[in-house]
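The next block holds one structure in the form of structure tokens; read it before the comments.
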Amino acid sequence: ANSRGVTATYHTCDVTAESSMSVLIESIAEAADARGAPLAGMVACAGIQQKVPALEYPAADFERILRVNVTGVFISAKMAAAAMVKRGIRGSVVLIASMSGQIANRGLTCTAYNTSKAAVQQMCRSLAQEWGGKGIRVNTLSPGVSANPLGVLDVQIS
């Protein structure tokens, strides 16, 4: 950031706490306005994972995965979009989904995670049709693990 003359900040938050996220995103948007660089984007990438066979999966853990991976992404996107709409800013929201939202990886017991990422993919389509008329583009990135010596992720844009 310093070498490019830009500012980077870090904020700790609970993406599932709507009121806290509202305050945080609005404060980020106000700080961005003050620097003459309005908030015009959000990458919503909340995600946690548990590998547990479905027959042994506690419902409370399943719900926790959905709360973070789906509700947390929704709240993040919603608050950023609200800040953009309030200011008349045309912007972009990127939701991090996963290839596992479209396929089941043989041998991986990740039903809750896969379900959550499929929900994020549908959320993208729904938000895109709703917010597009407000000048906010919504897309997903769906990373997937590839077998290579560096362990680098391949990214599929959907």
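Chain labels A, B, ... are given in the sequence in which chains occur in the structure tokens; within each chain residues are numbered consecutively from 1, and ligands are likewise numbered from 1 in the order shown.
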
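Summary of the local environment: counting only C-alpha atoms, residues at most 9 Å from region 85-93 of chain A, other than itself and those fewer than 5 positions away along its chain, are Pro38, Leu39, Ala40, Gly41, Met42, Val43, Ala44, Ala77, Ala80, Lys134, Gly135, Ile136, Arg137, Val138, Asn139 and Thr140 of chain A.
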
Going by DSSP on the backbone, which bits of region 15-133 of chain A are strand (DSSP E)? Write them as JSON, numbers by chain, please. {"A": [41, 42, 43, 44, 91, 92, 93, 94, 95, 96]}

Taking N, CA, C and O atoms for each residue, export the selection above as a CSV table (one decimal), in the first residue's frame.
```csv
chain,number,residue,atom,x,y,z
A,41,GLY,N,-16.7,-1.0,-3.6
A,41,GLY,CA,-16.6,-2.4,-3.7
A,41,GLY,C,-16.5,-3.2,-2.4
A,41,GLY,O,-16.2,-2.6,-1.4
A,42,MET,N,-16.8,-4.4,-2.5
A,42,MET,CA,-16.8,-5.3,-1.4
A,42,MET,C,-16.5,-6.7,-1.9
A,42,MET,O,-17.0,-7.2,-2.9
A,43,VAL,N,-15.5,-7.4,-1.2
A,43,VAL,CA,-15.3,-8.8,-1.4
A,43,VAL,C,-15.8,-9.5,-0.2
A,43,VAL,O,-15.2,-9.3,0.9
A,44,ALA,N,-16.9,-10.2,-0.3
A,44,ALA,CA,-17.5,-10.9,0.9
A,44,ALA,C,-17.0,-12.4,0.8
A,44,ALA,O,-17.5,-13.1,0.0
A,91,GLY,N,-21.0,0.5,-8.1
A,91,GLY,CA,-19.9,-0.3,-7.5
A,91,GLY,C,-20.0,-1.8,-7.9
A,91,GLY,O,-20.8,-2.2,-8.7
A,92,SER,N,-19.2,-2.6,-7.2
A,92,SER,CA,-19.1,-4.0,-7.4
A,92,SER,C,-19.0,-4.8,-6.1
A,92,SER,O,-18.3,-4.4,-5.2
A,93,VAL,N,-19.8,-5.9,-6.0
A,93,VAL,CA,-19.7,-6.8,-4.9
A,93,VAL,C,-19.3,-8.2,-5.5
A,93,VAL,O,-19.9,-8.6,-6.4
A,94,VAL,N,-18.2,-8.7,-4.9
A,94,VAL,CA,-17.8,-10.1,-5.2
A,94,VAL,C,-18.0,-11.0,-4.1
A,94,VAL,O,-17.6,-10.7,-3.0
A,95,LEU,N,-18.8,-12.1,-4.3
A,95,LEU,CA,-19.0,-13.1,-3.3
A,95,LEU,C,-18.1,-14.3,-3.5
A,95,LEU,O,-18.1,-14.8,-4.7
A,96,ILE,N,-17.4,-14.7,-2.5
A,96,ILE,CA,-16.6,-15.9,-2.7
A,96,ILE,C,-17.4,-17.1,-2.4
A,96,ILE,O,-17.9,-17.4,-1.3
```

Based on the backbone DSSP call, show me all residues of region 52-141 of chain A assigned alpha helix (DSSP H), as an MDAnalysis selection string. chainID A and resid 59:66 73:87 111:131

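Counting only C-alpha atoms, the residue from A:Ser3, A:Gln49, A:Asn105, A:Ser20 that sits nearest to Ser76 (chain A) is A:Ser20.
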
Polymer residues at most 10 Å from region 56-63 of chain A, only C-alpha atoms, same-chain spacing of 2 or more positions, as a CSV table (one decimal) with N, CA and C atoms, in the first residue's frame:
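Resulting contents of out.csv:
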```csv
chain,number,residue,atom,x,y,z
A,49,GLN,N,-15.2,-24.2,7.5
A,49,GLN,CA,-15.3,-25.5,7.0
A,49,GLN,C,-15.2,-26.5,8.1
A,50,GLN,N,-15.9,-27.6,7.9
A,50,GLN,CA,-15.8,-28.8,8.8
A,50,GLN,C,-15.9,-30.0,8.0
A,51,LYS,N,-15.0,-31.0,8.1
A,51,LYS,CA,-15.2,-32.2,7.4
A,51,LYS,C,-15.7,-33.3,8.4
A,52,VAL,N,-17.0,-33.5,8.3
A,52,VAL,CA,-17.7,-34.5,9.1
A,52,VAL,C,-18.7,-35.3,8.3
A,53,PRO,N,-18.7,-36.6,8.4
A,53,PRO,CA,-19.7,-37.3,7.6
A,53,PRO,C,-21.1,-36.9,8.0
A,54,ALA,N,-22.0,-36.8,7.0
A,54,ALA,CA,-23.3,-36.3,7.1
A,54,ALA,C,-24.1,-37.0,8.2
A,65,ILE,N,-22.2,-23.3,10.2
A,65,ILE,CA,-21.6,-23.1,8.9
A,65,ILE,C,-22.5,-22.2,8.0
A,66,LEU,N,-23.8,-22.5,8.0
A,66,LEU,CA,-24.7,-21.7,7.2
A,66,LEU,C,-24.7,-20.2,7.7
A,67,ARG,N,-24.7,-20.0,9.0
A,67,ARG,CA,-24.8,-18.7,9.5
A,67,ARG,C,-23.6,-17.8,9.1
A,68,VAL,N,-22.4,-18.4,9.2
A,68,VAL,CA,-21.2,-17.7,8.8
A,68,VAL,C,-21.1,-17.6,7.3
A,69,ASN,N,-21.2,-18.7,6.6
A,69,ASN,CA,-20.9,-18.8,5.1
A,69,ASN,C,-22.0,-18.1,4.3
A,109,THR,N,-16.1,-35.1,3.0
A,109,THR,CA,-17.4,-35.1,3.7
A,109,THR,C,-17.6,-33.7,4.2
A,110,CYS,N,-18.2,-32.9,3.3
A,110,CYS,CA,-18.4,-31.4,3.5
A,110,CYS,C,-19.8,-31.0,3.2
A,111,THR,N,-20.8,-31.7,3.6
A,111,THR,CA,-22.1,-31.4,3.1
A,111,THR,C,-22.6,-30.0,3.5
A,112,ALA,N,-22.3,-29.5,4.8
A,112,ALA,CA,-22.7,-28.2,5.2
A,112,ALA,C,-21.9,-27.1,4.4
A,113,TYR,N,-20.6,-27.3,4.2
A,113,TYR,CA,-19.9,-26.3,3.4
A,113,TYR,C,-20.4,-26.2,2.0
A,115,THR,N,-23.3,-27.0,0.8
A,115,THR,CA,-24.6,-26.4,0.8
A,115,THR,C,-24.5,-24.9,0.9
A,116,SER,N,-23.6,-24.5,1.8
A,116,SER,CA,-23.5,-23.0,2.0
A,116,SER,C,-22.9,-22.3,0.8
```

At a cut-off of 8 Å, using only C-alpha atoms, what residues contact Met21 (chain A)? Leave out same-chain residues fewer than 4 positions from it and give the result as a ChimeraX atom specification. /A:13-17,25,75-76,79

Would you mind reading off the distance between CA of Asp33 (chain A) and CA of Glu18 (chain A), one decimal, in Å?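 So the answer is 22.2 Å.
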
As an exercise, work out the distance from CA of Val23 (chain A) to CA of Trp131 (chain A) in Å and give it to one decimal place.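 Pair CA of Val23 (chain A) / CA of Trp131 (chain A) returns 21.3 Å.
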
CA of Glu26 (chain A) and CA of Ala83 (chain A) are how many Å apart? 6.4 Å

Ranking A:Ala81, A:Val73, A:Gly144, A:Arg125 by minimum distance to Ile103 (chain A) and counting only C-alpha atoms, which one comes first?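 Nearest to Ile103 (chain A): A:Gly144.
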